[in-house]
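Here is data09.pdb, consisting of PDB, C-alpha atoms, pLDDT in the B column:
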```pdb
MODEL        1
ATOM      1  CA  MET A   1       0.000   0.000   0.000  1.00 41.00           C
ATOM      2  CA  ALA A   2       1.381   3.411  -0.947  1.00 44.00           C
ATOM      3  CA  LEU A   3       2.169   5.812   1.842  1.00 44.00           C
ATOM      4  CA  ASP A   4      -0.736   8.143   2.506  1.00 53.00           C
ATOM      5  CA  PRO A   5       0.312  11.067   4.709  1.00 49.00           C
ATOM      6  CA  ASN A   6      -3.337  11.924   5.320  1.00 58.00           C
ATOM      7  CA  VAL A   7      -3.978   8.823   7.442  1.00 76.00           C
ATOM      8  CA  LEU A   8      -4.449  10.157  10.957  1.00 84.00           C
ATOM      9  CA  ASN A   9      -6.474   7.300  12.414  1.00 88.00           C
ATOM     10  CA  PRO A  10      -5.094   3.842  11.526  1.00 91.00           C
ATOM     11  CA  TYR A  11      -8.513   2.231  11.928  1.00 92.00           C
ATOM     12  CA  VAL A  12      -9.296   3.504   8.437  1.00 89.00           C
ATOM     13  CA  LEU A  13      -6.704   1.024   7.157  1.00 89.00           C
ATOM     14  CA  LEU A  14      -8.895  -1.888   8.242  1.00 90.00           C
ATOM     15  CA  ASP A  15     -11.637  -3.481   6.194  1.00 90.00           C
ATOM     16  CA  PRO A  16     -14.621  -1.083   6.341  1.00 90.00           C
ATOM     17  CA  ALA A  17     -16.820  -4.021   7.306  1.00 92.00           C
ATOM     18  CA  VAL A  18     -14.892  -4.705  10.529  1.00 93.00           C
ATOM     19  CA  ALA A  19     -13.302  -1.341  11.315  1.00 93.00           C
ATOM     20  CA  PRO A  20     -16.262   0.191  13.222  1.00 93.00           C
ATOM     21  CA  LEU A  21     -16.702  -2.862  15.445  1.00 95.00           C
ATOM     22  CA  ALA A  22     -12.961  -3.274  16.029  1.00 95.00           C
ATOM     23  CA  SER A  23     -12.603   0.393  16.889  1.00 95.00           C
ATOM     24  CA  ALA A  24     -15.518   0.326  19.325  1.00 96.00           C
ATOM     25  CA  VAL A  25     -14.430  -2.891  21.060  1.00 96.00           C
ATOM     26  CA  PHE A  26     -10.742  -2.096  21.468  1.00 96.00           C
ATOM     27  CA  THR A  27     -11.377   1.513  22.419  1.00 96.00           C
ATOM     28  CA  ALA A  28     -13.952   0.515  25.028  1.00 97.00           C
ATOM     29  CA  ALA A  29     -11.537  -2.057  26.450  1.00 97.00           C
ATOM     30  CA  SER A  30      -8.693   0.473  26.534  1.00 97.00           C
ATOM     31  CA  ILE A  31     -10.810   3.131  28.237  1.00 97.00           C
ATOM     32  CA  ALA A  32     -12.222   0.680  30.776  1.00 97.00           C
ATOM     33  CA  LEU A  33      -8.800  -0.721  31.676  1.00 96.00           C
ATOM     34  CA  SER A  34      -7.273   2.756  31.971  1.00 96.00           C
ATOM     35  CA  LEU A  35     -10.043   3.898  34.304  1.00 96.00           C
ATOM     36  CA  VAL A  36      -9.736   0.737  36.400  1.00 95.00           C
ATOM     37  CA  ILE A  37      -5.989   1.323  36.763  1.00 94.00           C
ATOM     38  CA  SER A  38      -6.633   4.958  37.665  1.00 93.00           C
ATOM     39  CA  TRP A  39      -9.134   3.893  40.314  1.00 91.00           C
ATOM     40  CA  TYR A  40      -6.658   1.455  41.848  1.00 89.00           C
ATOM     41  CA  PHE A  41      -3.960   4.126  41.951  1.00 86.00           C
ATOM     42  CA  PHE A  42      -6.357   6.601  43.529  1.00 84.00           C
ATOM     43  CA  ARG A  43      -7.164   4.048  46.200  1.00 80.00           C
ATOM     44  CA  SER A  44      -3.434   3.599  46.778  1.00 72.00           C
ATOM     45  CA  TYR A  45      -3.071   7.357  47.150  1.00 65.00           C
ATOM     46  CA  ARG A  46      -5.861   7.470  49.730  1.00 64.00           C
ATOM     47  CA  PHE A  47      -4.275   4.556  51.556  1.00 61.00           C
ATOM     48  CA  ALA A  48      -0.659   5.769  51.503  1.00 58.00           C
ATOM     49  CA  GLY A  49      -1.097   9.529  51.213  1.00 55.00           C
ATOM     50  CA  PHE A  50       2.007  10.043  49.060  1.00 58.00           C
ATOM     51  CA  GLY A  51       1.575  13.127  46.896  1.00 55.00           C
ATOM     52  CA  TYR A  52       3.570  11.760  43.959  1.00 60.00           C
ATOM     53  CA  LEU A  53       0.939   9.053  43.477  1.00 68.00           C
ATOM     54  CA  LEU A  54      -1.582  11.627  42.242  1.00 76.00           C
ATOM     55  CA  GLY A  55       0.143  11.786  38.868  1.00 80.00           C
ATOM     56  CA  LEU A  56      -0.621   8.119  38.266  1.00 87.00           C
ATOM     57  CA  PRO A  57      -4.443   8.187  38.462  1.00 89.00           C
ATOM     58  CA  ALA A  58      -4.487  11.507  36.613  1.00 89.00           C
ATOM     59  CA  GLY A  59      -2.211  10.094  33.929  1.00 92.00           C
ATOM     60  CA  PHE A  60      -4.402   7.081  33.281  1.00 95.00           C
ATOM     61  CA  VAL A  61      -7.520   9.266  33.166  1.00 95.00           C
ATOM     62  CA  PHE A  62      -5.815  11.378  30.501  1.00 94.00           C
ATOM     63  CA  LEU A  63      -4.880   8.171  28.704  1.00 96.00           C
ATOM     64  CA  ALA A  64      -8.515   7.040  28.739  1.00 97.00           C
ATOM     65  CA  ALA A  65      -9.545  10.431  27.360  1.00 96.00           C
ATOM     66  CA  SER A  66      -7.020  10.105  24.530  1.00 96.00           C
ATOM     67  CA  PHE A  67      -8.559   6.768  23.548  1.00 97.00           C
ATOM     68  CA  ALA A  68     -12.006   8.371  23.584  1.00 97.00           C
ATOM     69  CA  PHE A  69     -10.824  11.089  21.207  1.00 96.00           C
ATOM     70  CA  GLU A  70      -9.228   8.429  19.016  1.00 95.00           C
ATOM     71  CA  GLN A  71     -12.634   6.782  18.714  1.00 95.00           C
ATOM     72  CA  ALA A  72     -14.283  10.139  18.063  1.00 95.00           C
ATOM     73  CA  GLY A  73     -11.737  10.839  15.346  1.00 92.00           C
ATOM     74  CA  PHE A  74     -12.605   7.579  13.639  1.00 93.00           C
ATOM     75  CA  ALA A  75     -16.335   8.245  13.962  1.00 93.00           C
ATOM     76  CA  TYR A  76     -15.845  11.629  12.275  1.00 91.00           C
ATOM     77  CA  SER A  77     -13.207  10.473   9.801  1.00 87.00           C
ATOM     78  CA  THR A  78     -15.011  12.219   6.947  1.00 86.00           C
ATOM     79  CA  ASP A  79     -15.342  15.547   8.743  1.00 86.00           C
ATOM     80  CA  PRO A  80     -12.565  17.896   7.562  1.00 83.00           C
ATOM     81  CA  LEU A  81     -12.565  19.836  10.837  1.00 83.00           C
ATOM     82  CA  LEU A  82     -13.478  17.449  13.652  1.00 88.00           C
ATOM     83  CA  HIS A  83     -11.344  14.547  12.423  1.00 87.00           C
ATOM     84  CA  PRO A  84      -7.992  16.378  12.671  1.00 85.00           C
ATOM     85  CA  ALA A  85      -9.142  18.248  15.794  1.00 85.00           C
ATOM     86  CA  PHE A  86      -9.848  14.994  17.614  1.00 91.00           C
ATOM     87  CA  PHE A  87      -6.534  13.611  16.387  1.00 90.00           C
ATOM     88  CA  TRP A  88      -4.721  16.644  17.786  1.00 86.00           C
ATOM     89  CA  LEU A  89      -6.451  16.203  21.153  1.00 89.00           C
ATOM     90  CA  GLN A  90      -5.606  12.508  21.142  1.00 93.00           C
ATOM     91  CA  LEU A  91      -1.906  13.240  20.625  1.00 89.00           C
ATOM     92  CA  ALA A  92      -1.761  15.954  23.269  1.00 88.00           C
ATOM     93  CA  LEU A  93      -3.643  13.997  25.933  1.00 91.00           C
ATOM     94  CA  GLN A  94      -1.734  10.765  25.389  1.00 93.00           C
ATOM     95  CA  SER A  95       1.659  12.435  25.673  1.00 90.00           C
ATOM     96  CA  GLU A  96       0.515  14.450  28.689  1.00 89.00           C
ATOM     97  CA  ALA A  97      -0.736  11.250  30.316  1.00 92.00           C
ATOM     98  CA  LEU A  98       2.606   9.519  29.926  1.00 92.00           C
ATOM     99  CA  ALA A  99       4.410  12.620  31.174  1.00 88.00           C
ATOM    100  CA  LEU A 100       2.310  12.664  34.354  1.00 88.00           C
ATOM    101  CA  ILE A 101       3.041   8.985  34.964  1.00 91.00           C
ATOM    102  CA  ALA A 102       6.753   9.595  34.391  1.00 88.00           C
ATOM    103  CA  ILE A 103       6.753  12.502  36.833  1.00 85.00           C
ATOM    104  CA  SER A 104       5.228  10.294  39.513  1.00 84.00           C
ATOM    105  CA  TYR A 105       8.018   7.761  39.094  1.00 83.00           C
ATOM    106  CA  TYR A 106      10.574  10.547  39.020  1.00 80.00           C
ATOM    107  CA  PHE A 107       9.457  12.039  42.322  1.00 77.00           C
ATOM    108  CA  LYS A 108       9.132   8.611  43.893  1.00 73.00           C
ATOM    109  CA  ASN A 109      12.718   7.668  43.086  1.00 67.00           C
ATOM    110  CA  ALA A 110      14.047  11.162  43.746  1.00 62.00           C
ATOM    111  CA  GLY A 111      12.374  11.167  47.138  1.00 54.00           C
ATOM    112  CA  GLU A 112      14.000   7.867  48.016  1.00 55.00           C
ATOM    113  CA  GLN A 113      17.432   9.103  46.945  1.00 54.00           C
ATOM    114  CA  GLU A 114      17.168  12.487  48.639  1.00 51.00           C
ATOM    115  CA  GLU A 115      15.703  11.213  51.892  1.00 49.00           C
ATOM    116  CA  GLY A 116      17.681  12.616  54.744  1.00 47.00           C
ATOM    117  CA  ARG A 117      19.453  15.227  52.612  1.00 48.00           C
ATOM    118  CA  HIS A 118      18.845  18.930  53.123  1.00 45.00           C
ATOM    119  CA  ARG A 119      21.387  20.624  50.857  1.00 48.00           C
ATOM    120  CA  LEU A 120      20.245  22.031  47.544  1.00 42.00           C
ATOM    121  CA  GLY A 121      22.270  21.184  44.473  1.00 47.00           C
ATOM    122  CA  ILE A 122      22.155  20.329  40.789  1.00 48.00           C
ATOM    123  CA  LYS A 123      19.964  17.296  41.401  1.00 49.00           C
ATOM    124  CA  ASP A 124      17.481  19.458  43.257  1.00 47.00           C
ATOM    125  CA  ALA A 125      17.334  21.851  40.315  1.00 44.00           C
ATOM    126  CA  GLY A 126      16.761  18.857  38.071  1.00 49.00           C
ATOM    127  CA  MET A 127      13.869  17.782  40.266  1.00 47.00           C
ATOM    128  CA  ILE A 128      12.243  21.120  39.497  1.00 48.00           C
ATOM    129  CA  LEU A 129      13.111  21.475  35.805  1.00 58.00           C
ATOM    130  CA  LEU A 130      12.603  17.940  34.506  1.00 58.00           C
ATOM    131  CA  PRO A 131       8.949  17.655  35.572  1.00 55.00           C
ATOM    132  CA  LEU A 132       8.253  21.077  34.093  1.00 59.00           C
ATOM    133  CA  VAL A 133       9.770  20.023  30.779  1.00 65.00           C
ATOM    134  CA  MET A 134       7.883  16.717  30.759  1.00 62.00           C
ATOM    135  CA  VAL A 135       4.564  18.455  31.328  1.00 60.00           C
ATOM    136  CA  ALA A 136       5.261  21.380  29.005  1.00 65.00           C
ATOM    137  CA  VAL A 137       6.370  19.433  25.921  1.00 65.00           C
ATOM    138  CA  PRO A 138       3.094  17.519  25.330  1.00 64.00           C
ATOM    139  CA  PHE A 139       1.173  20.781  25.657  1.00 63.00           C
ATOM    140  CA  LEU A 140       3.428  23.286  23.922  1.00 65.00           C
ATOM    141  CA  LEU A 141       4.338  21.215  20.865  1.00 65.00           C
ATOM    142  CA  PRO A 142       0.759  20.409  19.779  1.00 63.00           C
ATOM    143  CA  THR A 143      -0.326  23.956  20.615  1.00 63.00           C
ATOM    144  CA  SER A 144       2.457  25.476  18.528  1.00 64.00           C
ATOM    145  CA  GLU A 145       1.553  23.131  15.686  1.00 59.00           C
ATOM    146  CA  ILE A 146      -2.076  24.184  15.631  1.00 59.00           C
ATOM    147  CA  ALA A 147      -1.180  27.853  16.127  1.00 58.00           C
ATOM    148  CA  SER A 148       1.163  27.853  13.145  1.00 60.00           C
ATOM    149  CA  LYS A 149      -1.227  25.844  10.948  1.00 59.00           C
ATOM    150  CA  PRO A 150      -4.744  26.604  12.200  1.00 52.00           C
ATOM    151  CA  TYR A 151      -6.436  24.982   9.210  1.00 56.00           C
ATOM    152  CA  PHE A 152      -5.215  21.454   9.968  1.00 64.00           C
ATOM    153  CA  ASN A 153      -2.803  20.359   7.296  1.00 69.00           C
ATOM    154  CA  TYR A 154      -3.381  16.593   7.360  1.00 72.00           C
ATOM    155  CA  ALA A 155       0.069  15.701   6.063  1.00 73.00           C
ATOM    156  CA  LYS A 156       1.777  17.966   8.597  1.00 77.00           C
ATOM    157  CA  LEU A 157      -0.332  16.556  11.414  1.00 80.00           C
ATOM    158  CA  ALA A 158       0.646  13.039  10.385  1.00 81.00           C
ATOM    159  CA  ASP A 159       4.298  14.101  10.388  1.00 82.00           C
ATOM    160  CA  PHE A 160       3.854  15.766  13.754  1.00 83.00           C
ATOM    161  CA  SER A 161       2.396  12.563  15.178  1.00 87.00           C
ATOM    162  CA  LEU A 162       5.723  10.877  14.462  1.00 89.00           C
ATOM    163  CA  TYR A 163       7.535  13.336  16.731  1.00 87.00           C
ATOM    164  CA  MET A 164       4.995  12.829  19.483  1.00 89.00           C
ATOM    165  CA  ARG A 165       5.279   9.034  19.172  1.00 93.00           C
ATOM    166  CA  VAL A 166       9.045   9.304  19.550  1.00 92.00           C
ATOM    167  CA  PHE A 167       8.540  11.527  22.594  1.00 91.00           C
ATOM    168  CA  ASN A 168       6.149   8.945  24.036  1.00 93.00           C
ATOM    169  CA  MET A 169       8.681   6.181  23.444  1.00 95.00           C
ATOM    170  CA  ALA A 170      11.371   8.183  25.247  1.00 92.00           C
ATOM    171  CA  VAL A 171       9.065   8.845  28.197  1.00 92.00           C
ATOM    172  CA  LEU A 172       7.985   5.198  28.376  1.00 94.00           C
ATOM    173  CA  ALA A 173      11.620   4.100  28.272  1.00 94.00           C
ATOM    174  CA  TYR A 174      12.279   6.444  31.195  1.00 91.00           C
ATOM    175  CA  ILE A 175       9.309   5.017  33.105  1.00 91.00           C
ATOM    176  CA  PHE A 176      10.457   1.468  32.361  1.00 93.00           C
ATOM    177  CA  THR A 177      13.978   2.030  33.683  1.00 90.00           C
ATOM    178  CA  ASN A 178      12.689   3.787  36.792  1.00 86.00           C
ATOM    179  CA  ALA A 179      10.143   1.058  37.459  1.00 85.00           C
ATOM    180  CA  VAL A 180      12.790  -1.646  37.132  1.00 85.00           C
ATOM    181  CA  SER A 181      15.183   0.291  39.373  1.00 81.00           C
ATOM    182  CA  SER A 182      12.519   0.827  42.017  1.00 76.00           C
ATOM    183  CA  LEU A 183      11.472  -2.817  42.014  1.00 76.00           C
ATOM    184  CA  ALA A 184      15.083  -3.995  42.143  1.00 71.00           C
ATOM    185  CA  LYS A 185      15.599  -1.981  45.315  1.00 71.00           C
ATOM    186  CA  SER A 186      12.386  -3.206  46.902  1.00 67.00           C
ATOM    187  CA  GLY A 187      12.954  -6.832  45.932  1.00 63.00           C
ATOM    188  CA  MET A 188       9.314  -7.281  44.884  1.00 64.00           C
ATOM    189  CA  ALA A 189       9.806  -9.726  42.028  1.00 61.00           C
ATOM    190  CA  LYS A 190       6.084 -10.219  41.426  1.00 65.00           C
ATOM    191  CA  MET A 191       5.712  -6.528  40.591  1.00 71.00           C
ATOM    192  CA  LEU A 192       8.022  -6.939  37.589  1.00 79.00           C
ATOM    193  CA  TYR A 193       4.818  -7.207  35.596  1.00 86.00           C
ATOM    194  CA  VAL A 194       4.601  -3.412  35.928  1.00 89.00           C
ATOM    195  CA  PRO A 195       7.667  -2.638  33.767  1.00 91.00           C
ATOM    196  CA  ALA A 196       6.518  -5.424  31.444  1.00 92.00           C
ATOM    197  CA  ALA A 197       3.232  -3.547  31.003  1.00 94.00           C
ATOM    198  CA  PHE A 198       5.091  -0.333  30.216  1.00 95.00           C
ATOM    199  CA  ALA A 199       7.257  -2.264  27.756  1.00 96.00           C
ATOM    200  CA  LEU A 200       4.093  -3.324  25.934  1.00 96.00           C
ATOM    201  CA  LEU A 201       2.903   0.286  25.826  1.00 96.00           C
ATOM    202  CA  TRP A 202       6.304   1.227  24.384  1.00 97.00           C
ATOM    203  CA  LEU A 203       5.827  -1.485  21.769  1.00 97.00           C
ATOM    204  CA  GLU A 204       2.461   0.054  20.907  1.00 96.00           C
ATOM    205  CA  GLN A 205       4.113   3.395  20.163  1.00 96.00           C
ATOM    206  CA  TYR A 206       6.874   1.713  18.163  1.00 96.00           C
ATOM    207  CA  SER A 207       4.290  -0.157  16.091  1.00 96.00           C
ATOM    208  CA  LEU A 208       2.468   3.107  15.397  1.00 95.00           C
ATOM    209  CA  VAL A 209       5.734   4.591  14.163  1.00 94.00           C
ATOM    210  CA  MET A 210       5.940   1.675  11.736  1.00 93.00           C
ATOM    211  CA  VAL A 211       2.362   2.394  10.669  1.00 92.00           C
ATOM    212  CA  TYR A 212       3.392   5.965   9.891  1.00 90.00           C
ATOM    213  CA  PHE A 213       6.082   4.784   7.489  1.00 89.00           C
ATOM    214  CA  ASP A 214       4.261   2.031   5.596  1.00 87.00           C
ATOM    215  CA  ASN A 215       0.586   2.024   6.646  1.00 88.00           C
ATOM    216  CA  SER A 216       0.996  -1.584   7.720  1.00 90.00           C
ATOM    217  CA  VAL A 217      -2.222  -3.175   8.933  1.00 92.00           C
ATOM    218  CA  PHE A 218      -0.161  -5.822  10.731  1.00 94.00           C
ATOM    219  CA  ALA A 219       1.833  -3.175  12.600  1.00 94.00           C
ATOM    220  CA  PHE A 220      -1.395  -1.467  13.594  1.00 95.00           C
ATOM    221  CA  ALA A 221      -2.889  -4.759  14.781  1.00 95.00           C
ATOM    222  CA  GLY A 222       0.277  -5.313  16.801  1.00 96.00           C
ATOM    223  CA  SER A 223      -0.067  -1.878  18.372  1.00 96.00           C
ATOM    224  CA  ILE A 224      -3.628  -2.622  19.478  1.00 96.00           C
ATOM    225  CA  ILE A 225      -2.658  -6.005  20.920  1.00 96.00           C
ATOM    226  CA  ALA A 226       0.297  -4.447  22.745  1.00 97.00           C
ATOM    227  CA  ARG A 227      -1.849  -1.630  24.127  1.00 97.00           C
ATOM    228  CA  VAL A 228      -4.688  -3.787  25.409  1.00 97.00           C
ATOM    229  CA  GLY A 229      -2.245  -6.408  26.669  1.00 96.00           C
ATOM    230  CA  GLY A 230      -0.187  -3.822  28.536  1.00 96.00           C
ATOM    231  CA  LEU A 231      -3.207  -2.199  30.141  1.00 96.00           C
ATOM    232  CA  ALA A 232      -4.718  -5.571  31.062  1.00 96.00           C
ATOM    233  CA  LEU A 233      -1.438  -6.677  32.637  1.00 94.00           C
ATOM    234  CA  PHE A 234      -1.227  -3.426  34.570  1.00 93.00           C
ATOM    235  CA  ALA A 235      -4.816  -3.777  35.796  1.00 93.00           C
ATOM    236  CA  TYR A 236      -4.112  -7.349  36.896  1.00 92.00           C
ATOM    237  CA  VAL A 237      -1.029  -6.274  38.852  1.00 89.00           C
ATOM    238  CA  MET A 238      -2.899  -3.436  40.538  1.00 86.00           C
ATOM    239  CA  HIS A 239      -5.781  -5.737  41.437  1.00 85.00           C
ATOM    240  CA  SER A 240      -3.404  -8.314  42.901  1.00 82.00           C
ATOM    241  CA  ALA A 241      -1.462  -5.709  44.872  1.00 76.00           C
ATOM    242  CA  THR A 242      -4.641  -4.144  46.235  1.00 71.00           C
ATOM    243  CA  SER A 243      -6.056  -7.525  47.208  1.00 65.00           C
ATOM    244  CA  ARG A 244      -2.877  -8.457  49.078  1.00 58.00           C
ATOM    245  CA  ARG A 245      -2.891  -5.123  50.894  1.00 57.00           C
ATOM    246  CA  ARG A 246      -6.523  -5.612  51.922  1.00 53.00           C
ATOM    247  CA  ILE A 247      -5.742  -9.073  53.278  1.00 41.00           C
ATOM    248  CA  GLU A 248      -2.776  -7.715  55.246  1.00 44.00           C
ATOM    249  CA  VAL A 249      -4.864  -4.904  56.739  1.00 41.00           C
ATOM    250  CA  GLU A 250      -7.656  -7.278  57.724  1.00 39.00           C
ATOM    251  CA  ALA A 251      -5.123  -9.675  59.245  1.00 32.00           C
ATOM    252  CA  ARG A 252      -3.632  -6.879  61.351  1.00 39.00           C
ATOM    253  CA  LYS A 253      -7.091  -5.869  62.527  1.00 37.00           C
ATOM    254  CA  ALA A 254      -7.907  -9.444  63.490  1.00 35.00           C
ATOM    255  CA  ALA A 255      -4.614  -9.927  65.347  1.00 37.00           C
TER     256      ALA A 255
ENDMDL
END
```
Show me the file's structure as structure tokens.
Amino acid sequence: MALDPNVLNPYVLLDPAVAPLASAVFTAASIALSLVISWYFFRSYRFAGFGYLLGLPAGFVFLAASFAFEQAGFAYSTDPLLHPAFFWLQLALQSEALALIAISYYFKNAGEQEEGRHRLGIKDAGMILLPLVMVAVPFLLPTSEIASKPYFNYAKLADFSLYMRVFNMAVLAYIFTNAVSSLAKSGMAKMLYVPAAFALLWLEQYSLVMVYFDNSVFAFAGSIIARVGGLALFAYVMHSATSRRRIEVEARKAA
């Protein structure tokens, strides 16, 4: 298939007979799993009270919203205004979601490293600047794109999506390394499913980069499988962790 720079929503590459159903099913699953994960993280925040945890439920809510706009973009794929607008919102929200999740891991690990230290230094400045950059990039880049080209140049938006996918891959790689480092220190081997879930989300972004270059239906199918698989794995881990915590609390109360 020849490269079509106007393809903003890869669901249009599927057979028109199955695309609407596939889009609805996989989007609904992605939104539901993201909201379940967000709910589990919010419960963890209420239980532990650590401020850095707030970025995790917020991030997964943003992620769910990005999937909703992806579905809306497909539903309005013939609308010359709404289709690219929804695509733009999808890109911005997804990157912002991953940035919020990354910031949570950053502050978690930074807090562990800086515990007991009171002197300000370069690392402390980094703790201030890096989160600001992570949050600003997903907002400023899409905003500058739409400000410079307010009439939605489809080809330019498709090109811009490549940059945002690469940004997402970099952020997910950062989250993955931080998650592995944190789990290695804690010795919680069962929680290694968490970085595995982020690895699958990274694979989703990589597959979408491949879709950008050759409009491969197989790469797109792989991205959907990786996304749903990663979110399902994450939801399973959060459910297991929450269940174990509940059992421990009830055991302490009974003792």
List the residues matched by the PyMOL selection byres ((chain A and resi 177-179) around 9) in the displayed structure as a ChimeraX atom specification, ordered by chain and then by residue number.
/A:102,105-106,109,172-176,180-184,192,194-195,198
Step by step, work through what the PyMOL selection byres ((chain A and resi 203) around 9) selects in the shown file, and finish by giving those residues as a PyMOL selection string.
chain A and resi 169+198-202+204-208+222-223+226-227
Those same residues - C-alpha atoms - I'd like them written as a PDB file, keeping the file's coordinate frame.
```pdb
ATOM      1  CA  MET A 169       8.681   6.181  23.444  1.00 95.00           C
ATOM      2  CA  PHE A 198       5.091  -0.333  30.216  1.00 95.00           C
ATOM      3  CA  ALA A 199       7.257  -2.264  27.756  1.00 96.00           C
ATOM      4  CA  LEU A 200       4.093  -3.324  25.934  1.00 96.00           C
ATOM      5  CA  LEU A 201       2.903   0.286  25.826  1.00 96.00           C
ATOM      6  CA  TRP A 202       6.304   1.227  24.384  1.00 97.00           C
ATOM      7  CA  GLU A 204       2.461   0.054  20.907  1.00 96.00           C
ATOM      8  CA  GLN A 205       4.113   3.395  20.163  1.00 96.00           C
ATOM      9  CA  TYR A 206       6.874   1.713  18.163  1.00 96.00           C
ATOM     10  CA  SER A 207       4.290  -0.157  16.091  1.00 96.00           C
ATOM     11  CA  LEU A 208       2.468   3.107  15.397  1.00 95.00           C
ATOM     12  CA  GLY A 222       0.277  -5.313  16.801  1.00 96.00           C
ATOM     13  CA  SER A 223      -0.067  -1.878  18.372  1.00 96.00           C
ATOM     14  CA  ALA A 226       0.297  -4.447  22.745  1.00 97.00           C
ATOM     15  CA  ARG A 227      -1.849  -1.630  24.127  1.00 97.00           C
TER      16      ARG A 227
END
```
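Nearest-residue note for Leu63 (chain A): choosing from A:Gln90, A:Asn168, A:Ser77, A:Ser44, the minimum distance belongs to A:Gln90, counting only C-alpha atoms.
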What do you get, as number ranges by chain, if you spell out every residue that the PyMOL selection byres ((chain A and resi 91) around 8) selects here?
A: 66, 87-90, 92-95, 142, 161, 164
Skipping near chain neighbours, those fewer than 2 positions away, what residues fall within 12 Å of Ala22 (chain A) using all atoms listed in the file, listed as a list of chain:residue names?
A:Pro10, A:Tyr11, A:Val12, A:Leu13, A:Leu14, A:Asp15, A:Pro16, A:Ala17, A:Val18, A:Ala19, A:Pro20, A:Ala24, A:Val25, A:Phe26, A:Thr27, A:Ala28, A:Ala29, A:Ser30, A:Gln71, A:Phe74, A:Phe220, A:Ala221, A:Ile224, A:Ile225
Residue nearest Glu96 (chain A) among A:Ala65, A:Leu157, A:Ala241, A:Val228 (counting only C-alpha atoms):
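With only C-alpha atoms as the atom set, the closest residue is A:Ala65.
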Quick one: pull the distance between CA of Ile37 (chain A) and CA of Phe107 (chain A), Å, one decimal.
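According to the coordinates, CA of Ile37 (chain A) and CA of Phe107 (chain A) are separated by 19.6 Å.
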Which is closer to Ser23 (chain A) than all the others in A:Glu70, A:Ala64, A:Tyr40, A:Val7, using only C-alpha atoms?
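For Ser23 (chain A), the nearest of the candidates is A:Glu70.
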CA of Ala58 (chain A) to CA of Met238 (chain A), distance in Å rounded to a single decimal
15.5 Å
Figure out the distance between CA of Asn9 (chain A) and CA of Val217 (chain A), please, to one decimal in Å.
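Going from CA of Val217 (chain A) over to CA of Asn9 (chain A), I get 11.8 Å.
Counting only C-alpha atoms, the residue from A:Ala99, A:Val36, A:Met210, A:Val166 that sits nearest to Val61 (chain A) is A:Val36.
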For Tyr163 (chain A), the closest of A:Val237, A:Ala75, A:Leu56, A:Val209 counting only C-alpha atoms is A:Val209
